[in-house]
>>> print(open('entry-v7.cif').read())   # mmCIF, C-alpha atoms
data_data
#
loop_
_atom_site.label_atom_id
_atom_site.label_comp_id
_atom_site.auth_asym_id
_atom_site.auth_seq_id
_atom_site.Cartn_x
_atom_site.Cartn_y
_atom_site.Cartn_z
CA MET A 1 0.00 0.00 0.00
CA LYS A 2 1.31 3.46 -0.91
CA GLU A 3 2.00 5.57 2.14
CA GLU A 4 1.15 9.24 1.98
CA THR A 5 3.20 11.63 4.08
CA LEU A 6 2.12 15.12 5.04
CA THR A 7 4.90 17.53 4.16
CA ILE A 8 5.22 20.60 6.30
CA MET A 9 7.21 23.48 4.90
CA ASN A 10 8.26 26.65 6.62
CA ILE A 11 7.71 30.12 5.17
CA GLY A 12 11.46 30.77 4.92
CA LYS A 13 11.80 27.81 2.54
CA ILE A 14 8.97 29.16 0.38
CA CYS A 15 10.73 32.53 0.21
CA ASN A 16 13.97 30.83 -0.91
CA LEU A 17 12.32 28.50 -3.45
CA LEU A 18 10.55 31.45 -5.13
CA LYS A 19 13.54 33.81 -4.86
CA ALA A 20 10.95 36.14 -3.37
CA LYS A 21 11.43 39.50 -1.67
CA LEU A 22 10.47 39.44 2.01
CA ILE A 23 8.35 42.52 2.71
CA CYS A 24 7.50 41.91 6.36
CA GLY A 25 7.44 39.12 8.91
CA ALA A 26 11.17 38.25 9.14
CA ASN A 27 10.51 36.93 12.67
CA LEU A 28 7.89 34.49 11.35
CA LEU A 29 9.93 32.60 8.72
CA ASP A 30 10.08 29.46 10.86
CA LYS A 31 6.27 29.19 10.88
CA GLU A 32 5.16 25.95 9.25
CA VAL A 33 2.54 25.75 6.53
CA THR A 34 0.90 22.72 4.95
CA TYR A 35 -1.35 23.91 2.13
CA GLY A 36 -1.25 26.29 -0.82
CA PHE A 37 -4.23 28.05 -2.42
CA ALA A 38 -3.94 30.23 -5.52
CA SER A 39 -6.67 32.71 -6.40
CA ASP A 40 -7.36 36.30 -7.33
CA LEU A 41 -10.91 35.80 -6.09
CA MET A 42 -11.18 36.47 -2.36
CA SER A 43 -14.75 35.08 -2.31
CA ASP A 44 -13.22 31.63 -2.90
CA VAL A 45 -10.50 32.11 -0.28
CA LEU A 46 -13.19 32.87 2.31
CA THR A 47 -14.76 29.44 1.77
CA LEU A 48 -11.66 27.54 2.96
CA ASP A 49 -11.75 25.72 6.29
CA ASN A 50 -8.09 24.65 6.51
CA ASP A 51 -5.46 26.31 8.66
CA ASP A 52 -1.82 26.90 7.71
CA ILE A 53 -2.51 27.99 4.15
CA VAL A 54 -0.18 30.03 1.94
CA LEU A 55 -2.23 32.30 -0.32
CA ILE A 56 -0.79 32.87 -3.79
CA THR A 57 -2.42 35.83 -5.52
CA GLY A 58 -1.89 38.72 -7.92
CA LEU A 59 -4.53 40.86 -6.25
CA THR A 60 -2.85 43.65 -4.32
CA ASN A 61 -5.52 45.54 -2.42
CA MET A 62 -6.83 45.97 1.11
CA GLN A 63 -9.40 43.22 0.61
CA THR A 64 -6.64 40.67 0.11
CA MET A 65 -5.27 41.71 3.50
CA ARG A 66 -8.67 41.67 5.23
CA THR A 67 -9.40 38.25 3.73
CA ALA A 68 -6.10 36.91 5.05
CA GLU A 69 -6.72 38.45 8.47
CA ILE A 70 -10.24 37.02 8.69
CA SER A 71 -9.19 33.60 7.35
CA GLU A 72 -6.11 33.30 9.60
CA ILE A 73 -3.75 32.99 6.62
CA PRO A 74 -0.14 33.28 7.85
CA CYS A 75 1.58 34.06 4.51
CA ILE A 76 0.69 35.73 1.20
CA VAL A 77 2.81 35.42 -1.94
CA PHE A 78 2.10 38.23 -4.43
CA VAL A 79 2.98 36.98 -7.90
CA ARG A 80 3.53 38.67 -11.30
CA ASN A 81 5.83 41.24 -9.64
CA LYS A 82 2.91 43.03 -7.97
CA LYS A 83 3.83 45.52 -5.28
CA VAL A 84 2.14 45.87 -1.90
CA THR A 85 1.25 49.23 -0.34
CA ASP A 86 2.25 50.65 3.06
CA GLU A 87 -1.38 50.33 4.23
CA MET A 88 -1.29 46.61 3.38
CA ILE A 89 2.01 46.15 5.23
CA LYS A 90 0.52 47.76 8.35
CA ILE A 91 -2.33 45.22 8.45
CA ALA A 92 0.17 42.40 7.85
CA ILE A 93 2.37 43.50 10.76
CA ASP A 94 -0.63 43.98 13.09
CA ASN A 95 -1.83 40.44 12.31
CA ASP A 96 1.46 38.50 12.00
CA ILE A 97 1.09 37.86 8.27
CA VAL A 98 4.24 37.34 6.20
CA LEU A 99 4.20 39.15 2.84
CA LEU A 100 6.36 37.98 -0.05
CA GLU A 101 6.70 39.62 -3.48
CA CYS A 102 7.58 37.20 -6.28
CA LYS A 103 8.52 37.99 -9.87
CA TYR A 104 7.26 34.68 -11.24
CA SER A 105 3.88 34.11 -12.88
CA MET A 106 1.20 32.43 -10.81
CA PHE A 107 1.60 29.25 -12.90
CA LYS A 108 5.35 29.02 -12.28
CA THR A 109 4.99 29.88 -8.58
CA ILE A 110 2.41 27.17 -8.03
CA GLY A 111 4.47 24.68 -10.04
CA ILE A 112 7.53 25.21 -7.84
CA LEU A 113 5.58 24.91 -4.59
CA TYR A 114 3.65 21.85 -5.76
CA GLU A 115 6.88 20.16 -6.87
CA ASN A 116 8.22 20.75 -3.39
CA ASN A 117 5.23 19.02 -1.82
CA LEU A 118 3.11 21.93 -0.63
CA LYS A 119 -0.35 20.34 -0.59
CA PRO A 120 -3.47 21.55 -2.43
CA VAL A 121 -6.50 22.34 -0.26
CA TYR A 122 -8.66 20.18 -2.53
CA MET B 1 -21.57 43.72 25.30
CA ASN B 2 -22.89 45.71 22.41
CA PHE B 3 -21.01 47.09 19.40
CA ASN B 4 -22.17 49.30 16.53
CA PHE B 5 -20.50 50.08 13.22
CA LYS B 6 -21.42 52.17 10.17
CA ILE B 7 -20.71 50.99 6.62
CA ASN B 8 -20.55 53.25 3.56
CA GLY B 9 -21.57 51.83 0.19
CA GLY B 10 -18.63 51.67 -2.22
CA ASP B 11 -16.01 52.02 0.53
CA PHE B 12 -14.02 48.92 -0.34
CA SER B 13 -10.91 49.96 1.56
CA GLY B 14 -13.00 50.19 4.75
CA ALA B 15 -14.79 46.84 4.32
CA GLY B 16 -13.63 44.44 6.99
CA ARG B 17 -12.99 46.94 9.79
CA ALA B 18 -15.98 45.74 11.81
CA SER B 19 -14.99 42.09 11.31
CA SER B 20 -11.45 42.90 12.38
CA ASP B 21 -12.64 44.68 15.56
CA ILE B 22 -15.09 41.91 16.46
CA LYS B 23 -12.35 39.32 15.94
CA LYS B 24 -10.15 41.13 18.48
CA VAL B 25 -12.99 41.27 21.03
CA LEU B 26 -13.77 37.54 20.64
CA LYS B 27 -10.07 36.67 21.01
CA LYS B 28 -9.96 38.60 24.29
CA LEU B 29 -13.02 36.64 25.44
CA ASN B 30 -11.12 33.39 24.70
CA VAL B 31 -13.69 32.11 22.22
CA HIS B 32 -12.34 29.05 20.36
CA PRO B 33 -10.32 30.15 17.27
CA LYS B 34 -12.38 27.95 14.91
CA ILE B 35 -15.63 29.54 16.17
CA ILE B 36 -14.09 33.03 15.84
CA LYS B 37 -13.16 32.26 12.23
CA ARG B 38 -16.72 31.15 11.43
CA ILE B 39 -18.20 34.28 13.01
CA VAL B 40 -15.88 36.77 11.32
CA VAL B 41 -16.03 35.10 7.89
CA ALA B 42 -19.83 35.39 7.94
CA LEU B 43 -19.66 38.99 9.17
CA TYR B 44 -17.04 39.96 6.59
CA GLU B 45 -19.17 38.50 3.79
CA ALA B 46 -22.08 40.61 5.09
CA GLU B 47 -19.92 43.75 5.24
CA VAL B 48 -18.70 43.23 1.68
CA ASN B 49 -22.29 42.76 0.51
CA VAL B 50 -23.31 46.15 1.96
CA VAL B 51 -20.26 47.90 0.45
CA ALA B 52 -20.89 46.20 -2.90
CA HIS B 53 -24.64 46.70 -3.21
CA ALA B 54 -26.03 49.33 -0.81
CA LYS B 55 -25.83 53.09 -0.26
CA LYS B 56 -25.06 52.62 3.41
CA GLY B 57 -25.61 50.26 6.28
CA SER B 58 -25.05 49.54 9.94
CA ILE B 59 -23.93 46.59 12.05
CA ASN B 60 -25.00 45.76 15.56
CA ALA B 61 -23.26 42.96 17.46
CA GLU B 62 -24.57 41.71 20.82
CA ILE B 63 -22.30 39.35 22.71
CA ASP B 64 -23.32 37.38 25.79
CA SER B 65 -21.74 34.39 27.50
CA GLU B 66 -23.28 31.89 25.07
CA LYS B 67 -23.45 33.52 21.67
CA ILE B 68 -23.01 36.45 19.32
CA ARG B 69 -26.00 37.95 17.52
CA ILE B 70 -25.08 40.21 14.60
CA THR B 71 -27.62 42.31 12.73
CA VAL B 72 -26.62 43.98 9.47
CA VAL B 73 -29.14 46.45 8.07
CA ASP B 74 -28.66 48.28 4.79
CA GLU B 75 -30.32 50.88 2.62
CA GLY B 76 -29.92 49.20 -0.74
CA PRO B 77 -31.76 47.68 -3.67
CA GLY B 78 -33.02 44.69 -1.69
CA ILE B 79 -33.00 41.06 -2.85
CA PRO B 80 -35.92 40.16 -5.15
CA ASP B 81 -35.45 36.38 -4.86
CA ILE B 82 -33.66 35.29 -1.67
CA LYS B 83 -33.76 31.59 -2.63
CA LYS B 84 -31.99 32.36 -5.89
CA ALA B 85 -29.47 34.60 -4.11
CA MET B 86 -28.62 31.66 -1.82
CA THR B 87 -27.52 29.59 -4.83
CA GLU B 88 -23.74 29.17 -5.06
CA GLY B 89 -22.42 31.09 -8.06
CA PHE B 90 -25.43 33.41 -8.46
CA SER B 91 -24.27 37.03 -8.36
CA THR B 92 -25.51 40.48 -9.38
CA ALA B 93 -22.19 42.16 -8.51
CA SER B 94 -20.78 44.88 -10.75
CA SER B 95 -17.47 44.59 -12.60
CA LYS B 96 -15.95 46.97 -10.01
CA VAL B 97 -16.87 44.53 -7.23
CA ARG B 98 -15.32 41.68 -9.21
CA GLU B 99 -12.11 43.67 -9.65
CA MET B 100 -11.92 43.88 -5.85
CA GLY B 101 -11.89 40.07 -5.69
CA PHE B 102 -15.56 39.49 -4.87
CA GLY B 103 -18.81 38.83 -6.70
CA ALA B 104 -18.37 35.08 -7.14
CA GLY B 105 -21.84 34.37 -5.81
CA MET B 106 -20.51 32.75 -2.63
CA GLY B 107 -21.41 35.41 -0.07
CA LEU B 108 -24.83 34.32 1.18
CA PRO B 109 -24.09 30.56 0.91
CA ASN B 110 -20.87 31.14 2.87
CA MET B 111 -22.76 33.10 5.55
CA LYS B 112 -25.20 30.18 5.86
CA LYS B 113 -22.30 27.73 6.15
CA ASN B 114 -20.55 29.72 8.89
CA ALA B 115 -23.44 30.92 11.06
CA ASP B 116 -25.59 28.72 13.30
CA VAL B 117 -28.63 30.82 12.40
CA LEU B 118 -29.07 33.00 9.32
CA ASN B 119 -32.19 35.10 8.80
CA ILE B 120 -32.65 37.41 5.83
CA LYS B 121 -35.47 39.91 5.37
CA SER B 122 -35.47 42.08 2.30
CA ASN B 123 -37.69 44.72 0.72
CA VAL B 124 -36.99 45.48 -2.92
CA GLY B 125 -36.20 49.16 -3.30
CA SER B 126 -35.55 49.86 0.37
CA GLY B 127 -33.04 47.43 1.86
CA THR B 128 -32.04 44.18 3.50
CA MET B 129 -31.66 42.94 7.08
CA VAL B 130 -29.36 40.00 7.78
CA GLU B 131 -29.25 38.35 11.20
CA LEU B 132 -26.36 36.03 12.06
CA ILE B 133 -26.31 34.06 15.32
CA THR B 134 -23.44 31.81 16.35
CA PHE B 135 -23.05 29.93 19.61
CA PHE B 136 -19.64 29.77 21.28
CA LYS B 137 -19.98 26.09 22.16
CA SER B 138 -20.84 23.85 19.22
#
>>> encode(input="entry-v7.cif", output="structure tokens")
Amino acid sequence: MKEETLTIMNIGKICNLLKAKLICGANLLDKEVTYGFASDLMSDVLTLDNDDIVLITGLTNMQTMRTAEISEIPCIVFVRNKKVTDEMIKIAIDNDIVLLECKYSMFKTIGILYENNLKPVY
Amino acid sequence: MNFNFKINGGDFSGAGRASSDIKKVLKKLNVHPKIIKRIVVALYEAEVNVVAHAKKGSINAEIDSEKIRITVVDEGPGIPDIKKAMTEGFSTASSKVREMGFGAGMGLPNMKKNADVLNIKSNVGSGTMVELITFFKS
């Protein structure tokens, strides 16, 4: 019988794998995450029940931050070289959310994380 | 405990402030994190709906030792067919709302999923009242 193991990755490893720029949350890089979810639609993010999710998105606005705060998401990767604003960083710091800016496309970002055993939510 | 908030239609950058404040209060009261998440997800969906569809609205949250009762009242277009609006994927959101990352037609179904009690009363042309009740011990 094939055995399935649950891989747990820390946020620092995600930052390194994606050659991403750490915007805030340097003290939280050891935090472990299990799942990845990629979406520009926050309505879909709000339907997730899992904890320890990394959100991969190209949507840089306050609603991305509020969605992460409400959904207890510990790390957001902004893809396609999108830049976060100071207002977004403030919410991230207040709520212990790590923000990463990544130059890769969403497709490439997801591919790298999936290859390294970050699990899909469904 | 009783909390009141105002919501302005179209104020997307402000949507979520009430949910954020209520989350902090519930954390201080040591409500279980999974219950807090359910409560604030439902409230946030309600806030976004007011910002997306109404001119203005207000939120009242009553907290006692057993539960939270949230009432969201708006002055908006109302919902002509509540049953249809409860269908996953059904949405009347504008393109601007979609650009903000919403309007997928998941708001009301997600409120139903996350609240223990959901009541909706709506008058077309005048507004909508949403009541969300969640108990702290499931």
>>> residues_around(input="entry-v7.cif", residues="region 119-122 of chain A", least_positions_apart="2", cutoff="12 Å", atoms="only C-alpha atoms", output="ChimeraX atom specification")
/A:4-9,33-38,44-45,47-56,110-117
>>> resolve_selection(input="entry-v7.cif", expression="the PyMOL selection byres ((chain A) within 8 of (chain B))", output="ChimeraX atom specification")
/A:40-44,46-47,59,61-64,66,69-72
>>> resolve_selection(input="entry-v7.cif", expression="the PyMOL selection byres ((chain B and resi 26) around 10)", output="list in words")
Asp21, Ile22, Lys23, Lys24, Val25, Lys27, Lys28, Leu29, Asn30, Val31, His32, Pro33, Ile35, Ile36, Lys37, Ile39, Val40, Ile63, Ile68 and Phe136 of chain B
>>> closest_residue(input="entry-v7.cif", among="A:Leu100, A:Ile93, A:Leu29, A:Met88", to="Ile11 (chain A)", atoms="all atoms listed in the file")
A:Leu29
>>> residues_near_point(input="entry-v7.cif", point="(-23.5, 46.0, 0.1)", cutoff="6 Å", atoms="all atoms listed in the file", output="PDB file with C-alpha atoms, keeping the file's coordinate frame")
ATOM      1  CA  VAL B  48     -18.700  43.230   1.680  1.00  0.00           C
ATOM      2  CA  ASN B  49     -22.290  42.760   0.510  1.00  0.00           C
ATOM      3  CA  VAL B  50     -23.310  46.150   1.960  1.00  0.00           C
ATOM      4  CA  VAL B  51     -20.260  47.900   0.450  1.00  0.00           C
ATOM      5  CA  ALA B  52     -20.890  46.200  -2.900  1.00  0.00           C
ATOM      6  CA  HIS B  53     -24.640  46.700  -3.210  1.00  0.00           C
ATOM      7  CA  ALA B  54     -26.030  49.330  -0.810  1.00  0.00           C
TER       8      ALA B  54
END
>>> atom_distance(input="entry-v7.cif", atom1="CA of Ala46 (chain B)", atom2="CA of Ile79 (chain B)")
13.5 Å
>>> atom_distance(input="entry-v7.cif", atom1="CA of Asn8 (chain B)", atom2="CA of Lys55 (chain B)")
6.5 Å
>>> closest_residue(input="entry-v7.cif", among="B:Ser95, B:Thr128, B:Asn119, B:Asn60", to="Pro80 (chain B)", atoms="all atoms listed in the file")
B:Thr128
>>> atom_distance(input="entry-v7.cif", atom1="CA of Leu99 (chain A)", atom2="CA of Phe78 (chain A)")
7.6 Å
>>> resolve_selection(input="entry-v7.cif", expression="the PyMOL selection byres ((chain B and resi 117) around 9)", output="PyMOL selection string")
chain B and resi 112+114-116+118-119+131-134
>>> write_last_selection(input="entry-v7.cif", atoms="C-alpha atoms", output="PDB file, keeping the file's coordinate frame")
ATOM      1  CA  LYS B 112     -25.200  30.180   5.860  1.00  0.00           C
ATOM      2  CA  ASN B 114     -20.550  29.720   8.890  1.00  0.00           C
ATOM      3  CA  ALA B 115     -23.440  30.920  11.060  1.00  0.00           C
ATOM      4  CA  ASP B 116     -25.590  28.720  13.300  1.00  0.00           C
ATOM      5  CA  LEU B 118     -29.070  33.000   9.320  1.00  0.00           C
ATOM      6  CA  ASN B 119     -32.190  35.100   8.800  1.00  0.00           C
ATOM      7  CA  GLU B 131     -29.250  38.350  11.200  1.00  0.00           C
ATOM      8  CA  LEU B 132     -26.360  36.030  12.060  1.00  0.00           C
ATOM      9  CA  ILE B 133     -26.310  34.060  15.320  1.00  0.00           C
ATOM     10  CA  THR B 134     -23.440  31.810  16.350  1.00  0.00           C
TER      11      THR B 134
END
>>> closest_residue(input="entry-v7.cif", among="A:Asp86, A:Met65, A:Gly58, A:Pro74", to="Glu32 (chain A)", atoms="all atoms listed in the file")
A:Pro74
>>> closest_atom_pairs(input="entry-v7.cif", of="region 70-95 of chain A", to="region 12-20 of chain A", cutoff="10 Å", atoms="only C-alpha atoms", output="JSON lines")
{"residue": "A:Cys75", "atom": "CA", "partner": "A:Ile14", "partner_atom": "CA", "distance": 9.8}
{"residue": "A:Val77", "atom": "CA", "partner": "A:Ala20", "partner_atom": "CA", "distance": 8.3}
{"residue": "A:Phe78", "atom": "CA", "partner": "A:Ala20", "partner_atom": "CA", "distance": 9.2}
{"residue": "A:Val79", "atom": "CA", "partner": "A:Ala20", "partner_atom": "CA", "distance": 9.2}
{"residue": "A:Asn81", "atom": "CA", "partner": "A:Ala20", "partner_atom": "CA", "distance": 9.6}
>>> closest_residue(input="entry-v7.cif", among="A:Thr67, A:Thr57, A:Thr85, A:Ser39", to="Ile23 (chain A)", atoms="only C-alpha atoms")
A:Thr85
>>> closest_residue(input="entry-v7.cif", among="B:Asp11, B:Glu88, B:Glu66, B:Asp74", to="Phe135 (chain B)", atoms="only C-alpha atoms")
B:Glu66
>>> residues_near_point(input="entry-v7.cif", point="(-33.4, 50.8, -3.7)", cutoff="7 Å", atoms="all atoms listed in the file", output="list in words")
Gly76, Pro77, Gly78, Val124, Gly125, Ser126 and Gly127 of chain B
>>> closest_residue(input="entry-v7.cif", among="A:Ala68, A:Ile89, A:Ile97, A:Ile76", to="Leu28 (chain A)", atoms="only C-alpha atoms")
A:Ile97
>>> build_atoms(input="entry-v7.cif", residues="region 11-25 of chain B", atoms="N, CA, C and O atoms", output="PDB file, in the frame of the given file")
ATOM      1  N   ASP B  11     -17.277  51.819  -0.195  1.00  0.00           N
ATOM      2  CA  ASP B  11     -16.010  52.020   0.530  1.00  0.00           C
ATOM      3  C   ASP B  11     -15.280  50.686   0.701  1.00  0.00           C
ATOM      4  O   ASP B  11     -15.257  50.101   1.787  1.00  0.00           O
ATOM      5  N   PHE B  12     -14.660  50.240  -0.375  1.00  0.00           N
ATOM      6  CA  PHE B  12     -14.020  48.920  -0.340  1.00  0.00           C
ATOM      7  C   PHE B  12     -12.818  48.882   0.598  1.00  0.00           C
ATOM      8  O   PHE B  12     -12.559  47.871   1.233  1.00  0.00           O
ATOM      9  N   SER B  13     -12.096  50.004   0.692  1.00  0.00           N
ATOM     10  CA  SER B  13     -10.910  49.960   1.560  1.00  0.00           C
ATOM     11  C   SER B  13     -11.318  49.843   3.033  1.00  0.00           C
ATOM     12  O   SER B  13     -10.547  49.363   3.856  1.00  0.00           O
ATOM     13  N   GLY B  14     -12.544  50.267   3.356  1.00  0.00           N
ATOM     14  CA  GLY B  14     -13.000  50.190   4.750  1.00  0.00           C
ATOM     15  C   GLY B  14     -13.689  48.869   5.076  1.00  0.00           C
ATOM     16  O   GLY B  14     -13.863  48.537   6.252  1.00  0.00           O
ATOM     17  N   ALA B  15     -14.075  48.102   4.066  1.00  0.00           N
ATOM     18  CA  ALA B  15     -14.790  46.840   4.320  1.00  0.00           C
ATOM     19  C   ALA B  15     -13.887  45.894   5.099  1.00  0.00           C
ATOM     20  O   ALA B  15     -12.732  45.686   4.730  1.00  0.00           O
ATOM     21  N   GLY B  16     -14.402  45.377   6.180  1.00  0.00           N
ATOM     22  CA  GLY B  16     -13.630  44.440   6.990  1.00  0.00           C
ATOM     23  C   GLY B  16     -13.212  45.012   8.324  1.00  0.00           C
ATOM     24  O   GLY B  16     -12.737  44.281   9.189  1.00  0.00           O
ATOM     25  N   ARG B  17     -13.405  46.342   8.510  1.00  0.00           N
ATOM     26  CA  ARG B  17     -12.990  46.940   9.790  1.00  0.00           C
ATOM     27  C   ARG B  17     -13.816  46.378  10.947  1.00  0.00           C
ATOM     28  O   ARG B  17     -13.270  46.082  12.004  1.00  0.00           O
ATOM     29  N   ALA B  18     -15.115  46.251  10.733  1.00  0.00           N
ATOM     30  CA  ALA B  18     -15.980  45.740  11.810  1.00  0.00           C
ATOM     31  C   ALA B  18     -15.588  44.287  12.128  1.00  0.00           C
ATOM     32  O   ALA B  18     -15.457  43.923  13.303  1.00  0.00           O
ATOM     33  N   SER B  19     -15.370  43.496  11.092  1.00  0.00           N
ATOM     34  CA  SER B  19     -14.990  42.090  11.310  1.00  0.00           C
ATOM     35  C   SER B  19     -13.681  42.006  12.078  1.00  0.00           C
ATOM     36  O   SER B  19     -13.521  41.166  12.978  1.00  0.00           O
ATOM     37  N   SER B  20     -12.754  42.880  11.724  1.00  0.00           N
ATOM     38  CA  SER B  20     -11.450  42.900  12.380  1.00  0.00           C
ATOM     39  C   SER B  20     -11.604  43.252  13.863  1.00  0.00           C
ATOM     40  O   SER B  20     -11.010  42.605  14.739  1.00  0.00           O
ATOM     41  N   ASP B  21     -12.437  44.273  14.155  1.00  0.00           N
ATOM     42  CA  ASP B  21     -12.640  44.680  15.560  1.00  0.00           C
ATOM     43  C   ASP B  21     -13.341  43.587  16.364  1.00  0.00           C
ATOM     44  O   ASP B  21     -12.960  43.295  17.501  1.00  0.00           O
ATOM     45  N   ILE B  22     -14.360  42.974  15.752  1.00  0.00           N
ATOM     46  CA  ILE B  22     -15.090  41.910  16.460  1.00  0.00           C
ATOM     47  C   ILE B  22     -14.171  40.710  16.727  1.00  0.00           C
ATOM     48  O   ILE B  22     -14.218  40.082  17.787  1.00  0.00           O
ATOM     49  N   LYS B  23     -13.308  40.428  15.773  1.00  0.00           N
ATOM     50  CA  LYS B  23     -12.350  39.320  15.940  1.00  0.00           C
ATOM     51  C   LYS B  23     -11.481  39.565  17.175  1.00  0.00           C
ATOM     52  O   LYS B  23     -11.262  38.653  17.978  1.00  0.00           O
ATOM     53  N   LYS B  24     -11.007  40.799  17.323  1.00  0.00           N
ATOM     54  CA  LYS B  24     -10.150  41.130  18.480  1.00  0.00           C
ATOM     55  C   LYS B  24     -10.917  40.966  19.794  1.00  0.00           C
ATOM     56  O   LYS B  24     -10.369  40.451  20.782  1.00  0.00           O
ATOM     57  N   VAL B  25     -12.169  41.402  19.808  1.00  0.00           N
ATOM     58  CA  VAL B  25     -12.990  41.270  21.030  1.00  0.00           C
ATOM     59  C   VAL B  25     -13.176  39.786  21.386  1.00  0.00           C
ATOM     60  O   VAL B  25     -12.988  39.378  22.534  1.00  0.00           O
TER      61      VAL B  25
END
